[in-house]
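Single-structure report; data block below.
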Amino acid sequence: MNSPSHGKAPRLPSVVALLVVSHLVVDACTAFLPPLLPRIMDRLDLSIALASTLAGGLSLATSLPQPFFGYLVDRWGRRACLAAGPVVAGVTLSLLGLAPSYAALLALLLVGGLGAACFHPPAASLAAGPAGQRRSGRALSVFSFGGALGYAIGPVAAVGLVGWLGLKGLWVAMAPGLVLGVVLWRKIPDREPGAPQRRRPGLAEMIRALRGPLGIVFAISALAAFGQRAFLTFSPIISNESGVTEVRGAFVLSAYLGAQALGTLTGGVLTDRLNRRLVLIVAGIAAFPAHVLAIVLEPASGWTFVAATAAGFLNMVMTPPVVIMAQEMLPRATAVGSAVVMGLAWATGTLGLPLVGLAADQTGPVMASVLPMPAFLIAAALASRRSLRPYARSGRGRSRVSSKIT
């Protein structure tokens with residue numbers, strides 16, 4: 001049998017299935033923290049502001065390094081990053097209950113976030129296939145579905161395991177990541193056999209690309225991430241302060257995150273069939289009231305579940321269009337393109353969380369959580385920019401940015 005680095009690439013369905021399952025496990029592990037935050041705050045005697053730095057630190061670690069890992073993958077191959085992701089994220093993030101202090105917990109979150117960060121760029125690039133292909137949006141949405149489903153399962157799984165084994169028993173959740181790391185190493189080649197060796201764009205070219213349309217889709221993604229991260233961080237705190245049980249609070253998160261799984265599939269289909277700018281505009285405008293209602297309605301009530309479901313769906317509908325547009329803008333560096341709008345943008349969107357946490361300590365978490373939500377309206381306004389027109393339809397990415405980097 002040929003080695004993974006030189007043999008035939010696995011058939012597409014098996015590759016996609018493996019990537020979807022791996023994405024599910026990685027993102028489920030990164031979703032362990034939010035529902036456990038109230039318990040961790042009590043155990044380590046943390047303020048809301050300090051607790052928000054834990055969520056912010058994890059988000060930054062999962063997001064900010066992605067362009068760097070994408071750059072490495074585009075130049076030297078993807079197998080190491082793909083295999084390391086589930087292992088590192090699974091091991092470190094399942095040890096949260098053993099952390100004796102804030103510093104130790106933050107260190108585990110940062111290392112676990114790096115594991116997730118190194119997995120996403122090569123996985124998204126491999127899942128979507130060559131930039132500009134007709135059904136790349138649908139292919140990416142299937143991959144993203146795994147991550148969204150993982151985000152939905154993670155909170156419930158974490159609360160269930162902790163309820164059964166205690167906070168220190170969360171370590172058993174590392175097993176799937178360890179298994180998948182081995183499978184990915186054995187099954188996925190570094191590069192497609194016979195793929196042409198073309199000059200990859202340098203870092204300076206990437207930075208210049210951010211001045212054009214790539215910068216706009218980056219900003220759209222960052223703004224949507226700001227609203228999403230604020231909701232995920234403070235929704236459990238709002239539920240806890242209102243006397244809602246940990247399990248019901250986790251189900252609100254799972255409603256939001258589960259709807260994201262459907263949203264990413266819908267967004268992928270719409271990306272291939274409709275005007276992408278229109279998809280972003282409509283989703284951004286509708287996401288604003290949905291998120292506000294999910295925050296201000298009675299915690300864990302029936303209407304809150306409805307609002308959270310709508311908010312999660314609309315938030316993730318915006319992801320496939322921006323990722324595919326970014327990959328078309330950087331056709332010779334699709335891993336970097338994915339990383340810019342999924343990693344760097346999400347990290348940028350996280351930077352405001354400590355400020356929201358400080359506001360929550362002063363005004364309460366409900367009022368503070370509403371403050372980031374106009375970001376969705378700003379994202380919708382940016383999507384109407386004329387410079388995105390060349391990328392509005394599937395297979396039509398042909399702007400100055402693309403020509404400079406092809």
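Starting from 1 in every chain, residues are counted up; chains themselves are A, B, ... following the order of the structure tokens, and ligands are numbered from 1 as listed.
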
(request) Find the residues near Arg79 (chain A): any atom within 8 Å, counting only C-alpha atoms, skip ones fewer than 5 places away on the same chain, and give them as a VMD selection string. (result) chain A and resid 184 to 185 188 to 190

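By only C-alpha atoms, and with residues fewer than 2 positions from Asn240 (chain A) along its chain excluded, the set lying at most 10 Å from it is Pro35, Leu37, Pro38, Arg39, Phe234, Ser235, Pro236, Ile237, Ile238, Ser242, Gly243, Val244, Thr245, Glu246, Arg248, Gly249 and Pro299 of chain A.
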
(request) Kindly indicate which residue among A:Ile295, A:Ala308, A:Leu18, A:Ile48 lies nearest to Ser239 (chain A), using only C-alpha atoms for the distances. (result)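 Smallest distance to Ser239 (chain A) is found for A:Ile295.
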
(request) Mind checking which residues fall within 6 Å of region 55-65 of chain A, counting only C-alpha atoms, ignoring those fewer than 2 positions away in the same chain, and posting them as a ChimeraX atom specification? (result) /A:52-53,67-68,109-110,113-114,116-117,343-344,346-347,350

(message) Could you tell me how far CA of Asp45 (chain A) sits from CA of Met367 (chain A), in Å to one decimal place?
(response) 23.0 Å

(message) So that I can see what lies close to Ala84 (chain A), please list as an MDAnalysis selection string the residues with an atom at most 12 Å from it, counting only C-alpha atoms and leaving out residues fewer than 6 positions away in the same chain.
(response) chainID A and resid 22 26 69 78 90:91 111:120 122:123 177:185

For the residues selected in the previous step, produce a file with C-alpha atoms as a PDB file, in the first residue's frame.
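Result written to selection-v7.pdb:
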```
ATOM      1  CA  SER A  22     -13.142  15.795  12.631  1.00  0.00           C
ATOM      2  CA  VAL A  26     -12.750  19.881  17.226  1.00  0.00           C
ATOM      3  CA  PHE A  69      -1.168  28.050   9.766  1.00  0.00           C
ATOM      4  CA  ARG A  78      -1.613  20.026   5.188  1.00  0.00           C
ATOM      5  CA  GLY A  90      -9.262  17.267  22.328  1.00  0.00           C
ATOM      6  CA  VAL A  91      -6.614  16.666  24.982  1.00  0.00           C
ATOM      7  CA  VAL A 111      -3.121  25.634  23.707  1.00  0.00           C
ATOM      8  CA  GLY A 112      -6.434  23.992  22.862  1.00  0.00           C
ATOM      9  CA  GLY A 113      -7.354  26.977  20.735  1.00  0.00           C
ATOM     10  CA  LEU A 114      -4.094  26.633  18.804  1.00  0.00           C
ATOM     11  CA  GLY A 115      -5.037  23.033  18.041  1.00  0.00           C
ATOM     12  CA  ALA A 116      -8.346  24.168  16.570  1.00  0.00           C
ATOM     13  CA  ALA A 117      -6.603  26.988  14.690  1.00  0.00           C
ATOM     14  CA  CYS A 118      -4.172  24.680  12.897  1.00  0.00           C
ATOM     15  CA  PHE A 119      -6.995  22.348  11.814  1.00  0.00           C
ATOM     16  CA  HIS A 120      -9.403  24.812  10.190  1.00  0.00           C
ATOM     17  CA  PRO A 122      -6.311  23.067   5.601  1.00  0.00           C
ATOM     18  CA  ALA A 123      -9.625  21.372   6.333  1.00  0.00           C
ATOM     19  CA  GLY A 177      -9.732  13.573  19.129  1.00  0.00           C
ATOM     20  CA  LEU A 178      -6.918  11.094  19.703  1.00  0.00           C
ATOM     21  CA  VAL A 179      -8.499   8.527  17.384  1.00  0.00           C
ATOM     22  CA  LEU A 180      -9.231  11.042  14.633  1.00  0.00           C
ATOM     23  CA  GLY A 181      -5.702  12.429  14.748  1.00  0.00           C
ATOM     24  CA  VAL A 182      -4.319   8.999  13.888  1.00  0.00           C
ATOM     25  CA  VAL A 183      -6.883   8.433  11.113  1.00  0.00           C
ATOM     26  CA  LEU A 184      -6.227  11.835   9.526  1.00  0.00           C
ATOM     27  CA  TRP A 185      -2.466  11.226   9.553  1.00  0.00           C
TER      28      TRP A 185
END
```

(request) Pick out the residues sitting within 9 Å of Arg393 (chain A), and hand them over as a VMD selection string; count only C-alpha atoms, and ignore anything fewer than 3 positions along from it in its own chain. (result) chain A and resid 271 to 277 389 to 390 396 to 397

What are the closest atom pairs, with distances in Å to one decimal, for all residues of region 159-191 of chain A lying within 10 Å of region 92-103 of chain A? Consider only C-alpha atoms, order rows by chain and residue number, and present the result as a tab-separated table.
```
residue	atom	partner	partner_atom	distance
A:Val162	CA	A:Gly97	CA	8.7
A:Gly166	CA	A:Gly97	CA	8.3
A:Leu167	CA	A:Gly97	CA	4.7
A:Lys168	CA	A:Gly97	CA	4.4
A:Gly169	CA	A:Gly97	CA	7.2
A:Leu170	CA	A:Ser94	CA	5.4
A:Trp171	CA	A:Ser94	CA	4.5
A:Val172	CA	A:Ser94	CA	7.1
A:Ala173	CA	A:Ser94	CA	5.6
A:Met174	CA	A:Ser94	CA	5.7
A:Ala175	CA	A:Ser94	CA	9.4
```

With C-alpha atoms retained, could you export that selection as a PDB file, in the first residue's frame?
```pdb
ATOM      1  CA  VAL A 162     -19.769  16.964  34.230  1.00  0.00           C
ATOM      2  CA  GLY A 166     -17.928  15.814  37.902  1.00  0.00           C
ATOM      3  CA  LEU A 167     -15.889  18.677  36.476  1.00  0.00           C
ATOM      4  CA  LYS A 168     -12.672  16.678  36.776  1.00  0.00           C
ATOM      5  CA  GLY A 169     -14.184  13.825  34.767  1.00  0.00           C
ATOM      6  CA  LEU A 170     -14.390  15.896  31.587  1.00  0.00           C
ATOM      7  CA  TRP A 171     -11.015  14.433  30.561  1.00  0.00           C
ATOM      8  CA  VAL A 172     -12.723  11.369  29.033  1.00  0.00           C
ATOM      9  CA  ALA A 173     -13.824  13.616  26.150  1.00  0.00           C
ATOM     10  CA  MET A 174     -10.291  13.541  24.705  1.00  0.00           C
ATOM     11  CA  ALA A 175     -10.725  10.040  23.225  1.00  0.00           C
TER      12      ALA A 175
END
```

(message) Using only C-alpha atoms, can you tell me which of A:Arg186, A:Arg229, A:His291, A:Arg385 comes closest to Leu82 (chain A)?
(response)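 Under the stated criterion, the closest residue is A:Arg186.
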
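Nearest to Phe305 (chain A) of all the residues A:Val317, A:Gly267, A:Ala259, A:Gly337 is A:Ala259, counting only C-alpha atoms.
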
(message) Here is a test: counting only C-alpha atoms, which residue of A:Pro34, A:Gly227, A:Pro213, A:Pro121 is nearest to Leu54 (chain A)?
(response)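 The closest residue to Leu54 (chain A) is A:Pro34.
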
(request) Take CA of Arg138 (chain A) and CA of Tyr391 (chain A) and report the distance between them in Å, one decimal. (result) 16.1 Å

(message) If you run DSSP on the backbone here, which positions in region 251-383 of chain A get alpha helix (DSSP H)? Please write them as a ChimeraX atom specification.
(response) /A:251-273,276-296,302-317,319-329,334-339,345-350,353-363,365-370,375-383

(message) Given only C-alpha atoms as the basis, pick out the residue of A:Thr264, A:Ala219, A:Met41, A:Ala294 nearest to Gly147 (chain A).
(response) A:Thr264

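Straight-line separation from CA of Ile40 (chain A) to CA of Ala375 (chain A): 29.2 Å.
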
Contact residues around Phe145 (chain A) with only C-alpha atoms at 12 Å, ignoring same-chain residues under 4 positions, as a short mmCIF file (atom, residue, chain, number, x, y, z; two decimals) with N, CA and C atoms, in the first residue's frame:
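What follows is the written file part_21.cif:
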```
data_model
loop_
_atom_site.label_atom_id
_atom_site.label_comp_id
_atom_site.auth_asym_id
_atom_site.auth_seq_id
_atom_site.Cartn_x
_atom_site.Cartn_y
_atom_site.Cartn_z
N VAL A 16 -14.55 14.00 2.63
CA VAL A 16 -15.52 14.92 3.23
C VAL A 16 -16.08 14.35 4.52
N ALA A 17 -16.39 13.06 4.54
CA ALA A 17 -16.93 12.45 5.75
C ALA A 17 -15.94 12.54 6.90
N LEU A 19 -13.48 14.72 7.22
CA LEU A 19 -13.33 16.12 7.60
C LEU A 19 -14.53 16.60 8.42
N VAL A 20 -15.72 16.18 8.04
CA VAL A 20 -16.93 16.60 8.77
C VAL A 20 -16.89 16.08 10.20
N VAL A 21 -16.55 14.80 10.38
CA VAL A 21 -16.49 14.22 11.72
C VAL A 21 -15.39 14.90 12.54
N SER A 22 -14.24 15.14 11.92
CA SER A 22 -13.14 15.79 12.63
C SER A 22 -13.52 17.21 13.03
N HIS A 23 -14.18 17.92 12.12
CA HIS A 23 -14.63 19.28 12.41
C HIS A 23 -15.62 19.26 13.57
N LEU A 24 -16.51 18.29 13.57
CA LEU A 24 -17.48 18.16 14.66
C LEU A 24 -16.77 18.02 16.00
N VAL A 25 -15.79 17.14 16.07
CA VAL A 25 -15.10 16.88 17.33
C VAL A 25 -14.29 18.09 17.78
N ASP A 27 -14.70 21.31 17.05
CA ASP A 27 -15.54 22.43 17.48
C ASP A 27 -16.39 22.09 18.70
N ALA A 124 -10.78 23.41 5.66
CA ALA A 124 -11.73 24.19 4.85
C ALA A 124 -11.29 24.24 3.40
N ALA A 127 -11.92 20.80 1.85
CA ALA A 127 -13.35 20.52 1.71
C ALA A 127 -13.96 21.28 0.54
N GLY A 137 -19.48 26.24 -2.76
CA GLY A 137 -20.26 26.70 -1.60
C GLY A 137 -20.96 25.55 -0.91
N ARG A 138 -21.54 24.65 -1.70
CA ARG A 138 -22.23 23.50 -1.12
C ARG A 138 -21.24 22.57 -0.43
N ALA A 139 -20.09 22.35 -1.05
CA ALA A 139 -19.09 21.47 -0.44
C ALA A 139 -18.59 22.06 0.88
N LEU A 140 -18.33 23.36 0.90
CA LEU A 140 -17.88 23.99 2.13
C LEU A 140 -18.96 23.95 3.19
N SER A 141 -20.21 24.09 2.79
CA SER A 141 -21.29 24.11 3.77
C SER A 141 -21.44 22.75 4.46
N LEU A 149 -22.56 21.54 14.01
CA LEU A 149 -23.16 20.47 14.80
C LEU A 149 -22.32 20.19 16.04
N GLY A 150 -20.99 20.26 15.89
CA GLY A 150 -20.12 20.09 17.04
C GLY A 150 -20.34 21.17 18.09
N TYR A 151 -20.47 22.41 17.63
CA TYR A 151 -20.76 23.51 18.55
C TYR A 151 -22.07 23.26 19.30
N ALA A 152 -23.05 22.68 18.61
CA ALA A 152 -24.34 22.43 19.24
C ALA A 152 -24.26 21.28 20.25
N LEU A 257 -26.62 27.03 18.45
CA LEU A 257 -25.56 26.38 17.70
C LEU A 257 -26.09 25.31 16.76
N GLY A 258 -27.15 24.61 17.17
CA GLY A 258 -27.75 23.63 16.28
C GLY A 258 -28.34 24.27 15.04
N ALA A 259 -28.95 25.44 15.23
CA ALA A 259 -29.50 26.17 14.08
C ALA A 259 -28.39 26.63 13.16
N GLN A 260 -27.19 26.85 13.70
CA GLN A 260 -26.07 27.22 12.85
C GLN A 260 -25.73 26.10 11.88
N ALA A 261 -25.92 24.85 12.32
CA ALA A 261 -25.67 23.72 11.41
C ALA A 261 -26.57 23.80 10.19
N LEU A 262 -27.86 24.08 10.43
CA LEU A 262 -28.78 24.24 9.30
C LEU A 262 -28.46 25.51 8.51
N GLY A 263 -28.04 26.55 9.21
CA GLY A 263 -27.69 27.80 8.54
C GLY A 263 -26.52 27.65 7.59
N THR A 264 -25.53 26.88 7.98
CA THR A 264 -24.37 26.73 7.11
C THR A 264 -24.71 25.93 5.86
N LEU A 265 -25.59 24.92 5.98
CA LEU A 265 -26.03 24.18 4.80
C LEU A 265 -26.84 25.08 3.87
N THR A 266 -27.73 25.85 4.46
CA THR A 266 -28.54 26.77 3.66
C THR A 266 -27.66 27.82 3.00
N GLY A 267 -26.72 28.37 3.77
CA GLY A 267 -25.82 29.37 3.21
C GLY A 267 -24.99 28.84 2.06
N GLY A 268 -24.58 27.57 2.14
CA GLY A 268 -23.81 26.99 1.05
C GLY A 268 -24.62 26.87 -0.23
N PHE A 313 -29.19 30.48 13.13
CA PHE A 313 -29.36 30.18 11.71
C PHE A 313 -28.86 31.33 10.85
N MET A 316 -24.96 31.95 10.82
CA MET A 316 -24.12 31.03 10.05
C MET A 316 -24.43 31.04 8.57
N VAL A 317 -25.60 31.52 8.16
CA VAL A 317 -25.87 31.68 6.73
C VAL A 317 -24.82 32.59 6.10
N THR A 319 -21.62 32.71 6.69
CA THR A 319 -20.26 32.17 6.62
C THR A 319 -19.88 31.63 5.24
N PRO A 320 -20.64 30.72 4.61
CA PRO A 320 -20.22 30.22 3.29
C PRO A 320 -19.96 31.30 2.25
#
```
